[in-house]
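Undergrad: Let me begin by handing over the structure; questions about it come next.
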Amino acid sequence: MPRVDVIVVCWNDKDKIATALDSIFALSELHEDPQFARVVVSDNGSSDGSREYIRKRYGDRVQIVENGRNLGFGAACNRAFLATTSQYVYLLNPDAEIRDRALANIVDFMDAHPACGIAGSRIFDPDGSVQQSCGEFDTWLGAFLRSSAWGEWPFLQRFANGASLRGWHYDTERQVDLAIGAALAIRRSLFRDVGLFDERFFLYHEEVDYARRVRDAGYEVWFVPSSVAVHAGQGSARGLYSVERHKQRSRRKYWLKHHGVAWYAALVAALAGRYVLYAALIGGAALGARRLLWR
């Protein structure tokens, strides 16, 4: 049995998915032991010939789970989880690629840390800069500051989401609240103890919700810099409008699920209230300017 199932979710990704799949098959750990990893593509009803292309290029080296339609990221992962059996699964975006020993190193880390339920790889942008791929769970103030953009104000930055991660160069092993799902390992026993991804999250925040549930179940989430990936970003979520719409919708679902209606209603009221403050400040400034002009 393979040690890890590498799962790539595909939705009309014919033009990019070979980069991800080729990077897996180029790993030295697979050359040393071809049975170390099994590669699985969970296809969300692609209409661009992705499935045919994968079969022609890789043959039986890639198992394809056909979902028939676009189920979303979390649901597509769930279908692949149920179709596989390895001790670990590793999620890799179709617009990402992993570097040598990425799988071996993250599996070794999780073997050595049995409390680790989720482990995130160190992710670089194509230009070589490090992506901020870890985060903190929202507090009410942190959610307000992020949603209002006030969190960028220097005297408020220390209260914003992820403040404790600023200044960290993503070069050391570290226990974190969450890691993004572009290059992420999960211990299979979590599916028994915690369950699968919540399929109400169509795209984005499914890994945040899962990390929260994992922590509540007593497991740990770690960042493992010896496992390296390169991620182009956005993947199948094409277009800024589509990306932001999915992010905002999933964020609202997460807040309501984990914090409740009263928490969310107070946040919405505060976000709306800042516009009243802006209007008052602008009106006051306009009135003051008018009085000065009429003197």
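Chain labels A, B, ... are given in the sequence in which chains occur in the structure tokens; within each chain residues are numbered consecutively from 1, and ligands are likewise numbered from 1 in the order shown.
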Determine which residues of region 80-171 of chain A receive a DSSP assignment of strand (DSSP E), computed from the backbone, and state them as a PyMOL selection string.

TA: chain A and resi 88-92+96-98+116-124+134-135

Undergrad: Let me see the file: selected residues, C-alpha atoms, as a PDB file, in the first residue's frame.

TA:
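Output file part-v7.pdb follows:
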ATOM      1  CA  TYR A  88      -1.735  10.115   4.554  1.00  0.00           C
ATOM      2  CA  VAL A  89      -3.257  12.219   1.808  1.00  0.00           C
ATOM      3  CA  TYR A  90      -1.517  15.182   0.244  1.00  0.00           C
ATOM      4  CA  LEU A  91      -3.551  17.873  -1.495  1.00  0.00           C
ATOM      5  CA  LEU A  92      -1.854  19.635  -4.399  1.00  0.00           C
ATOM      6  CA  ALA A  96       1.190  24.024  -8.165  1.00  0.00           C
ATOM      7  CA  GLU A  97       4.236  21.762  -8.263  1.00  0.00           C
ATOM      8  CA  ILE A  98       6.277  20.100  -5.542  1.00  0.00           C
ATOM      9  CA  CYS A 116       0.092  16.240  13.961  1.00  0.00           C
ATOM     10  CA  GLY A 117      -3.123  15.842  11.999  1.00  0.00           C
ATOM     11  CA  ILE A 118      -2.391  18.409   9.277  1.00  0.00           C
ATOM     12  CA  ALA A 119       0.944  19.595   7.888  1.00  0.00           C
ATOM     13  CA  GLY A 120       1.476  22.411   5.400  1.00  0.00           C
ATOM     14  CA  SER A 121       4.370  22.694   2.959  1.00  0.00           C
ATOM     15  CA  ARG A 122       6.506  25.769   2.461  1.00  0.00           C
ATOM     16  CA  ILE A 123       5.063  27.456  -0.632  1.00  0.00           C
ATOM     17  CA  PHE A 124       6.855  29.805  -2.996  1.00  0.00           C
ATOM     18  CA  CYS A 134      -0.359  29.925   7.351  1.00  0.00           C
ATOM     19  CA  GLY A 135      -2.918  31.852   9.363  1.00  0.00           C
TER      20      GLY A 135
END

Undergrad: Would you list, as a ChimeraX atom specification, the residues of region 213-252 of chain A that end up in helix (DSSP H, G or I) under DSSP run on this structure's backbone?

TA: /A:213-216,240-252

Undergrad: Would you write out, as a tab-separated table, a table of all residues in region 100-204 of chain A that have an atom no more than 7 Å from an atom of region 25-48 of chain A, listing for each the closest atom pair and the distance in Å to one decimal, considering only C-alpha atoms and ordering rows by chain and rising residue number?

TA:
residue	atom	partner	partner_atom	distance
A:Asp100	CA	A:Leu27	CA	5.0
A:Arg101	CA	A:Glu29	CA	6.3
A:Ala104	CA	A:Glu29	CA	6.4

Undergrad: Which residues come within 12 Å of Ser147 (chain A), counting only C-alpha atoms, excluding same-chain residues fewer than 2 positions away, as a PyMOL selection string?

TA: chain A and resi 138+140-145+149-152+160-161+247-248+251-252+267-268+270-272+274

Undergrad: Nearest residue to Ala20 (chain A) out of A:Asp95, A:Asp111, A:Glu66, A:Asp5, using only C-alpha atoms?

TA: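 Result for the nearest residue to Ala20 (chain A): A:Asp95.
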